[in-house]
$ cat final.json   # JSON, C-alpha atoms
[["chain", "number", "residue", "atom", "x", "y", "z"],
["A", 1499, "VAL", "CA", 113.18, 173.84, 79.20],
["A", 1500, "VAL", "CA", 114.00, 173.30, 82.88],
["A", 1501, "LEU", "CA", 110.92, 173.88, 85.04],
["A", 1502, "ASP", "CA", 112.39, 176.59, 87.29],
["A", 1503, "VAL", "CA", 113.66, 178.54, 84.28],
["A", 1504, "PHE", "CA", 110.38, 178.34, 82.40],
["A", 1505, "VAL", "CA", 108.20, 179.29, 85.37],
["A", 1506, "ALA", "CA", 110.38, 182.30, 86.22],
["A", 1507, "ALA", "CA", 110.17, 183.44, 82.58],
["A", 1508, "ALA", "CA", 106.41, 182.90, 82.43],
["A", 1509, "PHE", "CA", 105.95, 185.22, 85.41],
["A", 1510, "LYS", "CA", 107.80, 187.94, 83.46],
["A", 1511, "VAL", "CA", 105.16, 187.97, 80.72],
["A", 1512, "THR", "CA", 101.98, 187.48, 82.76],
["A", 1513, "THR", "CA", 100.80, 191.02, 81.98],
["A", 1514, "ASP", "CA", 100.71, 190.27, 78.26],
["A", 1515, "PRO", "CA", 97.01, 190.14, 77.27],
["A", 1516, "LEU", "CA", 97.69, 187.00, 75.23],
["A", 1517, "MET", "CA", 98.69, 185.07, 78.34],
["A", 1518, "PRO", "CA", 96.02, 182.95, 80.03],
["A", 1519, "VAL", "CA", 95.27, 183.52, 83.69],
["A", 1520, "GLY", "CA", 97.79, 181.75, 85.92],
["A", 1521, "PHE", "CA", 100.01, 180.38, 83.16],
["A", 1522, "PRO", "CA", 103.03, 179.93, 85.50],
["A", 1523, "HIS", "CA", 100.99, 177.90, 88.03],
["A", 1524, "CYS", "CA", 99.46, 175.83, 85.24],
["A", 1525, "THR", "CA", 102.90, 175.14, 83.82],
["A", 1526, "VAL", "CA", 103.94, 173.48, 87.10],
["A", 1527, "VAL", "CA", 100.82, 171.33, 87.00],
["A", 1528, "ALA", "CA", 101.42, 170.51, 83.34],
["A", 1529, "TYR", "CA", 105.02, 169.42, 83.98],
["A", 1530, "PHE", "CA", 104.13, 167.06, 86.81],
["A", 1531, "PHE", "CA", 101.20, 165.54, 84.90],
["A", 1532, "CYS", "CA", 103.09, 165.56, 81.56],
["A", 1533, "LEU", "CA", 100.27, 167.33, 79.74],
["A", 1534, "ARG", "CA", 99.95, 168.26, 76.09],
["A", 1535, "GLU", "CA", 99.06, 171.87, 75.34],
["A", 1536, "ILE", "CA", 95.57, 170.88, 74.16],
["A", 1537, "GLU", "CA", 94.98, 168.93, 77.38],
["A", 1538, "LEU", "CA", 95.99, 171.91, 79.49],
["A", 1539, "SER", "CA", 93.90, 174.39, 77.50],
["A", 1540, "THR", "CA", 90.75, 172.23, 77.60],
["A", 1541, "MET", "CA", 91.16, 171.06, 81.20],
["A", 1542, "LEU", "CA", 88.19, 172.15, 83.30],
["A", 1543, "LEU", "CA", 88.34, 173.73, 86.73],
["A", 1544, "ALA", "CA", 85.77, 171.14, 87.82],
["A", 1545, "SER", "CA", 88.13, 168.35, 86.74],
["A", 1546, "VAL", "CA", 90.79, 169.37, 89.26],
["A", 1547, "TYR", "CA", 90.24, 168.09, 92.80],
["A", 1548, "ILE", "CA", 92.39, 169.34, 95.67],
["A", 1549, "ASN", "CA", 92.43, 167.65, 99.08],
["A", 1550, "GLU", "CA", 93.79, 170.31, 101.41],
["A", 1551, "VAL", "CA", 93.99, 167.86, 104.33],
["A", 1552, "LEU", "CA", 96.00, 165.14, 102.57],
["A", 1553, "LEU", "CA", 97.66, 167.73, 100.30],
["A", 1554, "THR", "CA", 96.93, 165.96, 97.04],
["A", 1555, "VAL", "CA", 95.70, 167.09, 93.64],
["A", 1556, "THR", "CA", 93.77, 164.74, 91.36],
["A", 1557, "ILE", "CA", 92.95, 165.54, 87.74],
["A", 1558, "LEU", "CA", 90.46, 163.83, 85.46],
["A", 1559, "LEU", "CA", 92.29, 163.38, 82.14],
["A", 1560, "PRO", "CA", 91.86, 161.78, 78.72],
["A", 1561, "ALA", "CA", 93.31, 158.28, 78.40],
["A", 1562, "THR", "CA", 94.58, 158.91, 74.85],
["A", 1563, "LYS", "CA", 95.58, 161.83, 72.64],
["A", 1564, "THR", "CA", 92.93, 161.04, 70.03],
["A", 1565, "ASP", "CA", 90.16, 162.66, 72.04],
["A", 1566, "PRO", "CA", 91.35, 165.21, 74.65],
["A", 1567, "LEU", "CA", 87.78, 165.77, 75.82],
["A", 1568, "ALA", "CA", 87.09, 162.12, 76.63],
["A", 1569, "LEU", "CA", 87.98, 162.17, 80.32],
["A", 1570, "SER", "CA", 88.33, 158.59, 81.45],
["A", 1571, "CYS", "CA", 91.26, 158.34, 83.85],
["A", 1572, "GLU", "CA", 92.55, 160.05, 86.97],
["A", 1573, "ARG", "CA", 96.07, 160.92, 87.98],
["A", 1574, "THR", "CA", 97.11, 162.14, 91.44],
["A", 1575, "TRP", "CA", 100.13, 163.89, 92.91],
["A", 1576, "GLY", "CA", 100.90, 164.57, 96.53],
["A", 1577, "CYS", "CA", 102.78, 167.56, 97.88],
["A", 1578, "VAL", "CA", 106.51, 167.49, 97.05],
["A", 1579, "CYS", "CA", 107.51, 170.52, 99.12],
["A", 1580, "GLU", "CA", 109.96, 170.50, 101.98],
["A", 1581, "GLU", "CA", 108.05, 170.21, 105.23],
["A", 1582, "GLY", "CA", 106.66, 173.58, 106.28],
["A", 1583, "LYS", "CA", 107.81, 175.31, 103.06],
["A", 1584, "PRO", "CA", 104.95, 175.34, 100.54],
["A", 1585, "ASP", "CA", 106.28, 176.22, 97.09],
["A", 1586, "PRO", "CA", 103.73, 176.71, 94.27],
["A", 1587, "ASP", "CA", 106.56, 177.18, 91.76],
["A", 1588, "ARG", "CA", 107.83, 173.63, 92.29],
["A", 1589, "CYS", "CA", 104.92, 171.61, 93.72],
["A", 1590, "PRO", "CA", 101.87, 170.44, 91.73],
["A", 1591, "VAL", "CA", 99.57, 170.55, 94.75],
["A", 1592, "HIS", "CA", 100.47, 174.08, 95.81],
["A", 1593, "ALA", "CA", 100.53, 175.25, 92.20],
["A", 1594, "ALA", "CA", 96.97, 173.96, 91.77],
["A", 1595, "MET", "CA", 95.95, 175.63, 95.03],
["A", 1596, "ALA", "CA", 97.53, 178.91, 93.90],
["A", 1597, "GLN", "CA", 95.73, 178.70, 90.57],
["A", 1598, "LYS", "CA", 92.35, 178.14, 92.20],
["A", 1599, "ALA", "CA", 92.97, 181.06, 94.55],
["A", 1600, "LEU", "CA", 93.90, 183.26, 91.58],
["A", 1601, "LEU", "CA", 90.74, 182.28, 89.72],
["A", 1602, "THR", "CA", 88.66, 183.06, 92.80],
["A", 1603, "LYS", "CA", 90.06, 186.60, 92.78],
["A", 1604, "ALA", "CA", 89.76, 187.10, 89.03],
["A", 1605, "PHE", "CA", 86.31, 185.65, 88.35],
["A", 1606, "SER", "CA", 82.93, 185.60, 90.04],
["A", 1607, "LYS", "CA", 81.51, 182.44, 91.57],
["A", 1608, "LYS", "CA", 78.91, 182.41, 88.80],
["A", 1609, "ASP", "CA", 81.66, 182.31, 86.17],
["A", 1610, "ARG", "CA", 83.76, 179.73, 87.98],
["A", 1611, "THR", "CA", 80.86, 177.33, 88.51],
["A", 1612, "ARG", "CA", 79.43, 177.46, 85.01],
["A", 1613, "ASP", "CA", 79.73, 174.36, 82.85],
["A", 1614, "GLY", "CA", 82.94, 174.27, 80.90],
["A", 1615, "PHE", "CA", 84.90, 176.88, 82.85],
["A", 1616, "PRO", "CA", 88.61, 176.21, 82.19],
["A", 1617, "PHE", "CA", 91.33, 175.64, 84.76],
["A", 1618, "MET", "CA", 93.52, 177.96, 82.69],
["A", 1619, "PRO", "CA", 91.12, 180.51, 81.15],
["A", 1620, "THR", "CA", 91.79, 183.53, 78.98],
["A", 1621, "ILE", "CA", 91.48, 186.90, 80.71],
["A", 1622, "THR", "CA", 87.83, 186.98, 79.61],
["A", 1623, "GLY", "CA", 87.09, 183.51, 81.00],
["A", 1624, "GLY", "CA", 87.18, 181.65, 77.70],
["A", 1625, "THR", "CA", 89.07, 178.57, 76.62],
["A", 1626, "CYS", "CA", 92.56, 179.05, 75.20],
["A", 1627, "SER", "CA", 93.15, 177.72, 71.72],
["A", 1628, "LYS", "CA", 96.01, 175.33, 71.04],
["A", 1629, "ASP", "CA", 97.68, 178.05, 68.95],
["A", 1630, "GLN", "CA", 97.39, 180.57, 71.80],
["A", 1631, "VAL", "CA", 99.08, 178.21, 74.25],
["A", 1632, "VAL", "CA", 101.94, 177.62, 71.80],
["A", 1633, "LYS", "CA", 102.40, 181.39, 71.40],
["A", 1634, "CYS", "CA", 102.49, 181.76, 75.19],
["A", 1635, "ILE", "CA", 105.11, 179.04, 75.41],
["A", 1636, "THR", "CA", 107.21, 180.85, 72.80],
["A", 1637, "LYS", "CA", 106.88, 184.18, 74.63],
["A", 1638, "SER", "CA", 108.03, 182.54, 77.85],
["A", 1639, "VAL", "CA", 110.98, 180.87, 76.14],
["A", 1640, "ALA", "CA", 112.01, 184.25, 74.73],
["A", 1641, "ALA", "CA", 111.62, 185.85, 78.17],
["A", 1642, "ALA", "CA", 114.01, 183.22, 79.51],
["A", 1643, "GLY", "CA", 116.62, 184.45, 77.05],
["A", 1644, "LEU", "CA", 116.53, 181.23, 75.03],
["A", 1645, "GLU", "CA", 116.31, 180.80, 71.27],
["A", 1646, "THR", "CA", 112.76, 180.17, 70.09],
["A", 1647, "HIS", "CA", 113.34, 178.89, 66.56],
["A", 1648, "HIS", "CA", 115.64, 176.60, 64.62],
["A", 1649, "PRO", "CA", 117.43, 177.99, 61.55],
["A", 1650, "ASP", "CA", 114.70, 176.49, 59.35],
["A", 1651, "GLY", "CA", 112.04, 178.49, 61.21],
["A", 1652, "LYS", "CA", 110.57, 175.62, 63.22],
["A", 1653, "LEU", "CA", 109.91, 176.13, 66.92],
["A", 1654, "LYS", "CA", 112.52, 174.76, 69.31],
["A", 1655, "VAL", "CA", 109.94, 174.39, 72.08],
["A", 1656, "THR", "CA", 106.57, 173.13, 70.88],
["A", 1657, "GLY", "CA", 103.17, 172.52, 72.41],
["A", 1658, "HIS", "CA", 104.52, 169.30, 73.92],
["A", 1659, "TRP", "CA", 106.86, 171.38, 76.09],
["A", 1660, "ALA", "CA", 105.39, 170.12, 79.36],
["A", 1661, "ARG", "CA", 105.11, 166.54, 78.15],
["A", 1662, "ILE", "CA", 108.77, 166.49, 77.20],
["A", 1663, "GLY", "CA", 110.09, 168.84, 79.89],
["A", 1664, "GLY", "CA", 107.91, 167.20, 82.50],
["A", 1665, "SER", "CA", 109.11, 163.66, 81.80],
["A", 1666, "ARG", "CA", 112.73, 164.84, 81.97],
["A", 1667, "HIS", "CA", 112.05, 166.82, 85.15],
["A", 1668, "LEU", "CA", 110.56, 163.76, 86.85],
["A", 1669, "TRP", "CA", 113.40, 161.51, 85.73],
["A", 1670, "ARG", "CA", 116.03, 163.91, 87.01],
["A", 1671, "HIS", "CA", 114.29, 163.81, 90.39],
["A", 1672, "GLY", "CA", 114.43, 160.03, 90.56],
["A", 1673, "VAL", "CA", 111.02, 159.06, 89.20],
["A", 1674, "GLN", "CA", 111.51, 155.91, 87.12],
["A", 1675, "TYR", "CA", 110.34, 155.03, 83.61],
["A", 1676, "PRO", "CA", 107.29, 152.87, 84.50],
["A", 1677, "THR", "CA", 105.91, 155.55, 86.82],
["A", 1678, "ILE", "CA", 106.46, 158.36, 84.32],
["A", 1679, "SER", "CA", 104.90, 156.28, 81.57],
["A", 1680, "CYS", "CA", 101.83, 155.61, 83.70],
["A", 1681, "LEU", "CA", 101.53, 159.24, 84.83],
["A", 1682, "ALA", "CA", 101.74, 160.43, 81.24],
["A", 1683, "ARG", "CA", 99.27, 157.77, 80.03],
["A", 1684, "TRP", "CA", 101.73, 156.35, 77.48],
["A", 1685, "ASP", "CA", 101.08, 152.92, 76.00],
["A", 1686, "SER", "CA", 104.16, 153.01, 73.78],
["A", 1687, "HIS", "CA", 107.88, 153.72, 74.00],
["A", 1688, "ALA", "CA", 107.42, 157.39, 73.03],
["A", 1689, "ILE", "CA", 108.76, 158.38, 76.44],
["A", 1690, "LEU", "CA", 112.21, 157.11, 75.47],
["A", 1691, "GLY", "CA", 112.35, 159.71, 72.72],
["A", 1692, "TYR", "CA", 111.30, 162.42, 75.15],
["A", 1693, "LEU", "CA", 113.80, 161.45, 77.82],
["A", 1694, "LYS", "CA", 116.72, 161.24, 75.37],
["A", 1695, "ASP", "CA", 119.91, 161.55, 77.44],
["A", 1696, "ALA", "CA", 118.18, 162.55, 80.70],
["A", 1697, "PRO", "CA", 118.55, 159.04, 82.25],
["A", 1698, "LEU", "CA", 122.33, 159.32, 81.97],
["A", 1699, "ALA", "CA", 122.35, 161.99, 84.67],
["A", 1700, "ASN", "CA", 121.31, 159.33, 87.20],
["A", 1701, "ALA", "CA", 123.72, 156.61, 86.06],
["A", 1702, "THR", "CA", 126.28, 157.11, 88.84],
["A", 1703, "ASN", "CA", 123.67, 157.19, 91.60],
["A", 1704, "GLU", "CA", 121.94, 154.13, 90.19],
["A", 1705, "TYR", "CA", 125.23, 152.22, 90.18],
["A", 1706, "LYS", "CA", 126.17, 153.27, 93.72],
["A", 1707, "THR", "CA", 122.74, 152.46, 95.15],
["A", 1708, "MET", "CA", 122.09, 149.37, 93.02],
["A", 1709, "GLY", "CA", 119.16, 150.98, 91.28],
["A", 1710, "GLN", "CA", 117.76, 152.88, 94.23],
["A", 1711, "VAL", "CA", 118.00, 156.43, 92.83],
["A", 1712, "SER", "CA", 118.23, 159.05, 95.54],
["A", 1713, "LYS", "CA", 115.44, 161.59, 95.36]]

$ encode --input "final.json" --output "structure tokens"
Amino acid sequence: VVLDVFVAAAFKVTTDPLMPVGFPHCTVVAYFFCLREIELSTMLLASVYINEVLLTVTILLPATKTDPLALSCERTWGCVCEEGKPDPDRCPVHAAMAQKALLTKAFSKKDRTRDGFPFMPTITGGTCSKDQVVKCITKSVAAAGLETHHPDGKLKVTGHWARIGGSRHLWRHGVQYPTISCLARWDSHAILGYLKDAPLANATNEYKTMGQVSK
């Protein structure tokens, strides 16, 4: 699902008690960092570092999918907004800032500073389950007016929605394969399956600029 479409839909269902706090903001972060649903749900507030001077956000993440709690690598994004136009719906830095501000309003300092407090908590401050995140994704897809299931009953948009949608979003904006692969912590060619036909959208620009894709 295209990022703008998904975020707009997620805002429509934020009052649903199933939805975690700040799901739209966290979706933006998840797309840019190509996160799995389990990585987003278990990500700690203390693992997200925002530099408000340099306008960067750095997240401590697992290196592999086999153990989402083994945080051993960092990934950083800078602000991607137009100068003077902060946009938390399209920028990972401002989305992270908006999420932290929302958590400050919703929870006490004691709650936010306790060990294990999530970056995307439930309304009671707990950790979202993988199943809950998938249900929230499905609700958002439905709110966008899109079909949620295939004829055989399987979900069209799964828990890897941000990993797949994020890699395609980055490619469409000129970020190349090696960078996406590194951002997403891939050590295989799985990204090629996620990108599918997305690279074709840049073919003309690549030809005209001899590989220098315009951002």

$ closest_residue --input "final.json" --among "A:Val1551, A:Met1517, A:Ala1544, A:Cys1577" --to "Asp1629 of chain A" --atoms "all atoms listed in the file"
A:Met1517

$ atom_distance --input "final.json" --atom1 "atom CA of Gly1643 of chain A" --atom2 "atom CA of Pro1522 of chain A"
16.6 Å

$ residues_near_point --input "final.json" --point "(87.0, 175.1, 89.4)" --cutoff "10 Å" --atoms "all atoms listed in the file" --output "list in words"
Leu1542, Leu1543, Ala1544, Ser1545, Val1546, Tyr1547, Gln1597, Lys1598, Ala1599, Leu1601, Thr1602, Lys1607, Asp1609, Arg1610, Thr1611, Arg1612, Asp1613, Gly1614, Phe1615, Pro1616, Phe1617 and Met1618 of chain A

$ residues_around --input "final.json" --residues "Ile1548 of chain A" --least-positions-apart "5" --cutoff "9 Å" --atoms "all atoms listed in the file" --output "list in words"
Leu1553, Thr1554, Val1555, Thr1556, Ile1557, Val1591, Ala1594 and Met1595 of chain A

$ closest_residue --input "final.json" --among "A:Cys1589, A:Ala1508, A:Leu1538, A:Ile1621" --to "Pro1560 of chain A" --atoms "only C-alpha atoms"
A:Leu1538

$ atom_distance --input "final.json" --atom1 "atom CA of Leu1600 of chain A" --atom2 "atom CA of Lys1633 of chain A"
22.0 Å

$ decode --input "final.json" --residues "segment 1534-1648 of chain A" --atoms "C-alpha atoms" --output "JSON list (two decimals), in the first residue's frame"
[["chain", "number", "residue", "atom", "x", "y", "z"],
["A", 1534, "ARG", "CA", 8.57, -6.20, 10.19],
["A", 1535, "GLU", "CA", 5.45, -6.02, 12.34],
["A", 1536, "ILE", "CA", 7.17, -7.87, 15.20],
["A", 1537, "GLU", "CA", 10.10, -5.43, 15.09],
["A", 1538, "LEU", "CA", 7.75, -2.45, 15.28],
["A", 1539, "SER", "CA", 5.67, -3.92, 18.10],
["A", 1540, "THR", "CA", 8.70, -4.83, 20.23],
["A", 1541, "MET", "CA", 10.70, -1.67, 19.48],
["A", 1542, "LEU", "CA", 11.40, 0.25, 22.67],
["A", 1543, "LEU", "CA", 11.01, 3.97, 23.17],
["A", 1544, "ALA", "CA", 14.53, 3.96, 24.63],
["A", 1545, "SER", "CA", 15.86, 2.45, 21.38],
["A", 1546, "VAL", "CA", 14.80, 5.47, 19.32],
["A", 1547, "TYR", "CA", 17.22, 8.42, 19.42],
["A", 1548, "ILE", "CA", 16.25, 11.77, 17.93],
["A", 1549, "ASN", "CA", 18.77, 14.55, 17.33],
["A", 1550, "GLU", "CA", 16.66, 17.68, 17.08],
["A", 1551, "VAL", "CA", 19.66, 19.79, 16.04],
["A", 1552, "LEU", "CA", 20.83, 17.62, 13.14],
["A", 1553, "LEU", "CA", 17.27, 16.40, 12.51],
["A", 1554, "THR", "CA", 18.09, 12.70, 12.49],
["A", 1555, "VAL", "CA", 16.47, 9.63, 13.99],
["A", 1556, "THR", "CA", 18.52, 6.56, 14.88],
["A", 1557, "ILE", "CA", 16.98, 3.23, 15.89],
["A", 1558, "LEU", "CA", 18.66, 0.26, 17.53],
["A", 1559, "LEU", "CA", 17.41, -2.78, 15.62],
["A", 1560, "PRO", "CA", 17.93, -6.55, 15.37],
["A", 1561, "ALA", "CA", 20.42, -7.64, 12.73],
["A", 1562, "THR", "CA", 18.34, -10.68, 11.73],
["A", 1563, "LYS", "CA", 14.72, -11.84, 11.84],
["A", 1564, "THR", "CA", 15.54, -14.88, 13.96],
["A", 1565, "ASP", "CA", 15.68, -12.87, 17.17],
["A", 1566, "PRO", "CA", 13.81, -9.53, 17.04],
["A", 1567, "LEU", "CA", 14.90, -8.70, 20.59],
["A", 1568, "ALA", "CA", 18.63, -9.05, 19.90],
["A", 1569, "LEU", "CA", 19.41, -5.41, 19.15],
["A", 1570, "SER", "CA", 22.81, -5.28, 17.53],
["A", 1571, "CYS", "CA", 22.76, -2.70, 14.74],
["A", 1572, "GLU", "CA", 21.75, 0.91, 14.22],
["A", 1573, "ARG", "CA", 20.07, 2.57, 11.29],
["A", 1574, "THR", "CA", 19.69, 6.33, 10.83],
["A", 1575, "TRP", "CA", 17.54, 8.60, 8.69],
["A", 1576, "GLY", "CA", 17.79, 12.34, 8.28],
["A", 1577, "CYS", "CA", 14.90, 14.70, 7.65],
["A", 1578, "VAL", "CA", 13.42, 14.36, 4.15],
["A", 1579, "CYS", "CA", 11.02, 17.31, 4.37],
["A", 1580, "GLU", "CA", 11.07, 20.33, 2.13],
["A", 1581, "GLU", "CA", 12.99, 23.11, 3.85],
["A", 1582, "GLY", "CA", 10.80, 24.86, 6.40],
["A", 1583, "LYS", "CA", 7.88, 22.43, 5.92],
["A", 1584, "PRO", "CA", 8.07, 19.68, 8.55],
["A", 1585, "ASP", "CA", 5.77, 16.82, 7.58],
["A", 1586, "PRO", "CA", 5.35, 13.94, 10.09],
["A", 1587, "ASP", "CA", 3.18, 12.05, 7.59],
["A", 1588, "ARG", "CA", 6.06, 11.71, 5.11],
["A", 1589, "CYS", "CA", 9.29, 12.14, 7.09],
["A", 1590, "PRO", "CA", 10.78, 9.54, 9.46],
["A", 1591, "VAL", "CA", 12.40, 12.15, 11.69],
["A", 1592, "HIS", "CA", 9.29, 14.26, 12.17],
["A", 1593, "ALA", "CA", 7.12, 11.15, 12.49],
["A", 1594, "ALA", "CA", 9.36, 9.93, 15.32],
["A", 1595, "MET", "CA", 9.23, 13.37, 16.93],
["A", 1596, "ALA", "CA", 5.43, 13.42, 16.65],
["A", 1597, "GLN", "CA", 5.22, 9.96, 18.20],
["A", 1598, "LYS", "CA", 7.39, 10.92, 21.16],
["A", 1599, "ALA", "CA", 5.31, 14.06, 21.69],
["A", 1600, "LEU", "CA", 2.13, 11.97, 21.60],
["A", 1601, "LEU", "CA", 3.51, 9.52, 24.14],
["A", 1602, "THR", "CA", 4.49, 12.40, 26.41],
["A", 1603, "LYS", "CA", 0.86, 13.55, 26.41],
["A", 1604, "ALA", "CA", -0.63, 10.09, 26.81],
["A", 1605, "PHE", "CA", 1.64, 8.59, 29.47],
["A", 1606, "SER", "CA", 3.37, 9.75, 32.63],
["A", 1607, "LYS", "CA", 7.14, 10.14, 32.81],
["A", 1608, "LYS", "CA", 7.21, 7.17, 35.17],
["A", 1609, "ASP", "CA", 5.54, 4.99, 32.53],
["A", 1610, "ARG", "CA", 7.66, 6.26, 29.66],
["A", 1611, "THR", "CA", 10.95, 5.72, 31.48],
["A", 1612, "ARG", "CA", 10.25, 2.25, 32.80],
["A", 1613, "ASP", "CA", 12.23, -0.63, 31.34],
["A", 1614, "GLY", "CA", 10.60, -2.11, 28.30],
["A", 1615, "PHE", "CA", 8.21, 0.72, 27.47],
["A", 1616, "PRO", "CA", 7.32, 0.39, 23.76],
["A", 1617, "PHE", "CA", 7.68, 3.01, 21.06],
["A", 1618, "MET", "CA", 4.22, 1.97, 19.85],
["A", 1619, "PRO", "CA", 2.32, 0.92, 23.00],
["A", 1620, "THR", "CA", -1.25, -0.22, 23.45],
["A", 1621, "ILE", "CA", -3.61, 2.33, 25.01],
["A", 1622, "THR", "CA", -2.75, 0.84, 28.42],
["A", 1623, "GLY", "CA", 1.01, 1.10, 27.84],
["A", 1624, "GLY", "CA", 1.61, -2.55, 27.02],
["A", 1625, "THR", "CA", 3.36, -4.20, 24.11],
["A", 1626, "CYS", "CA", 1.29, -4.97, 21.02],
["A", 1627, "SER", "CA", 1.19, -8.58, 19.93],
["A", 1628, "LYS", "CA", 2.11, -9.53, 16.38],
["A", 1629, "ASP", "CA", -1.52, -10.54, 15.80],
["A", 1630, "GLN", "CA", -2.78, -7.16, 17.04],
["A", 1631, "VAL", "CA", -0.51, -5.28, 14.64],
["A", 1632, "VAL", "CA", -1.73, -7.42, 11.73],
["A", 1633, "LYS", "CA", -5.35, -6.68, 12.68],
["A", 1634, "CYS", "CA", -4.56, -2.95, 12.80],
["A", 1635, "ILE", "CA", -2.99, -3.18, 9.36],
["A", 1636, "THR", "CA", -6.11, -4.89, 8.03],
["A", 1637, "LYS", "CA", -8.39, -2.25, 9.60],
["A", 1638, "SER", "CA", -6.34, 0.49, 7.97],
["A", 1639, "VAL", "CA", -6.41, -1.22, 4.59],
["A", 1640, "ALA", "CA", -10.20, -1.49, 4.86],
["A", 1641, "ALA", "CA", -10.42, 2.18, 5.86],
["A", 1642, "ALA", "CA", -8.50, 3.03, 2.69],
["A", 1643, "GLY", "CA", -11.25, 1.36, 0.68],
["A", 1644, "LEU", "CA", -9.00, -1.47, -0.46],
["A", 1645, "GLU", "CA", -9.68, -5.19, -0.47],
["A", 1646, "THR", "CA", -8.27, -6.95, 2.58],
["A", 1647, "HIS", "CA", -8.41, -10.59, 1.52],
["A", 1648, "HIS", "CA", -7.77, -12.79, -1.50]]
